[in-house]
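To start, the structure itself, in structure tokens.
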Amino acid sequence: MEEIPLTRLRPGEKALVAVLPAARRDLARLLAFGILPGTEISILQTFPVYVLAVGHTILAIDKEIAASIKIGRP
């Protein structure tokens, strides 16, 4: 399975989280919202910020954090 940055997805696409950022501050925030390896996320918007759906949670993150999240692609 290829791991690519979340920023390569377009609105409407779904993917599984493969790798989270190493930065402790960013990692803690993502985990608090239920974003962890194996979790399915949907991209709702990519500009001006990335808006993700994780289960019933909608979350906005900046491009830097989105680029640090790697998703799995078959």
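Residue numbering restarts at 1 in every chain; chains get A, B, ... in the order shown in the structure tokens, and ligands count up from 1 in that same order.
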With only C-alpha atoms as the counted atoms, please give the residues lying no more than 7 Å from region 8-22 of chain A, apart from itself and same-chain residues fewer than 2 positions off, as a PyMOL selection string. chain A and resi 3+5-6+24+26-27+36-46+68-72
What parts of chain A does DSSP call helix (DSSP H, G or I)? I'd like the answer as number ranges by chain. A: 6-8, 24-32, 63-68
Going by DSSP on the backbone, which bits of chain A are strand (DSSP E or B)? Write them as a tab-separated table (two decimals) with N, CA and C atoms, in the first residue's frame, please.
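This went into part.tsv:
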chain	number	residue	atom	x	y	z
A	2	GLU	N	0.58	2.15	-0.88
A	2	GLU	CA	1.34	3.40	-0.99
A	2	GLU	C	0.83	4.41	0.04
A	3	GLU	N	1.75	5.11	0.69
A	3	GLU	CA	1.37	6.17	1.63
A	3	GLU	C	1.63	7.50	0.96
A	4	ILE	N	0.57	8.33	0.89
A	4	ILE	CA	0.69	9.65	0.28
A	4	ILE	C	0.16	10.69	1.26
A	5	PRO	N	0.56	11.97	1.09
A	5	PRO	CA	0.05	13.00	1.99
A	5	PRO	C	-1.45	13.24	1.77
A	14	LYS	N	-12.36	9.63	0.05
A	14	LYS	CA	-12.19	9.03	1.37
A	14	LYS	C	-10.90	8.24	1.37
A	15	ALA	N	-10.32	8.09	2.56
A	15	ALA	CA	-9.09	7.30	2.69
A	15	ALA	C	-8.92	6.88	4.14
A	16	LEU	N	-8.02	5.92	4.35
A	16	LEU	CA	-7.67	5.47	5.69
A	16	LEU	C	-6.38	6.15	6.12
A	17	VAL	N	-6.35	6.63	7.35
A	17	VAL	CA	-5.13	7.23	7.90
A	17	VAL	C	-4.10	6.13	8.08
A	18	ALA	N	-2.87	6.38	7.60
A	18	ALA	CA	-1.79	5.40	7.74
A	18	ALA	C	-0.76	5.85	8.77
A	19	VAL	N	-0.33	7.13	8.69
A	19	VAL	CA	0.72	7.65	9.56
A	19	VAL	C	0.34	9.05	10.00
A	40	GLU	N	-11.07	5.97	8.94
A	40	GLU	CA	-11.48	6.50	7.64
A	40	GLU	C	-11.81	7.98	7.77
A	41	ILE	N	-11.29	8.77	6.84
A	41	ILE	CA	-11.59	10.19	6.81
A	41	ILE	C	-12.14	10.55	5.44
A	42	SER	N	-12.98	11.57	5.41
A	42	SER	CA	-13.52	12.10	4.16
A	42	SER	C	-13.07	13.54	4.03
A	43	ILE	N	-12.68	13.92	2.83
A	43	ILE	CA	-12.27	15.30	2.56
A	43	ILE	C	-13.51	16.07	2.11
A	44	LEU	N	-13.84	17.13	2.82
A	44	LEU	CA	-14.99	17.95	2.46
A	44	LEU	C	-14.58	19.21	1.72
A	45	GLN	N	-13.39	19.73	2.04
A	45	GLN	CA	-12.94	21.00	1.48
A	45	GLN	C	-11.42	21.04	1.55
A	50	TYR	N	-8.18	22.72	5.09
A	50	TYR	CA	-8.68	21.37	4.86
A	50	TYR	C	-9.77	21.07	5.89
A	51	VAL	N	-10.92	20.64	5.40
A	51	VAL	CA	-12.02	20.26	6.27
A	51	VAL	C	-12.25	18.77	6.09
A	52	LEU	N	-12.17	18.05	7.20
A	52	LEU	CA	-12.27	16.60	7.21
A	52	LEU	C	-13.50	16.15	7.98
A	53	ALA	N	-14.06	15.04	7.59
A	53	ALA	CA	-15.10	14.38	8.36
A	53	ALA	C	-14.50	13.09	8.90
A	54	VAL	N	-14.60	12.92	10.21
A	54	VAL	CA	-14.12	11.72	10.89
A	54	VAL	C	-15.29	11.23	11.72
A	57	THR	N	-17.68	13.80	13.34
A	57	THR	CA	-16.93	15.02	13.67
A	57	THR	C	-16.44	15.69	12.40
A	58	ILE	N	-16.61	17.00	12.32
A	58	ILE	CA	-16.08	17.81	11.22
A	58	ILE	C	-14.94	18.63	11.81
A	59	LEU	N	-13.79	18.60	11.14
A	59	LEU	CA	-12.58	19.22	11.68
A	59	LEU	C	-11.89	20.01	10.58
A	60	ALA	N	-11.45	21.23	10.90
A	60	ALA	CA	-10.67	22.06	9.97
A	60	ALA	C	-9.22	22.06	10.43
A	61	ILE	N	-8.31	21.79	9.48
A	61	ILE	CA	-6.88	21.81	9.78
A	61	ILE	C	-6.15	22.60	8.70
A	70	LYS	N	-0.33	11.04	6.57
A	70	LYS	CA	-0.18	10.15	5.42
A	70	LYS	C	-1.36	9.19	5.38
A	71	ILE	N	-1.89	9.02	4.19
A	71	ILE	CA	-3.03	8.13	4.02
A	71	ILE	C	-2.60	6.95	3.15
A	72	GLY	N	-3.29	5.84	3.30
A	72	GLY	CA	-2.98	4.64	2.53
A	72	GLY	C	-3.79	4.57	1.26
A	73	ARG	N	-3.10	4.28	0.17
A	73	ARG	CA	-3.75	4.08	-1.12
A	73	ARG	C	-3.35	2.73	-1.67
Among A:Ala28, A:Ala23, A:Thr7, A:Phe33, His56 (chain A) is approached most closely, using only C-alpha atoms, by A:Phe33
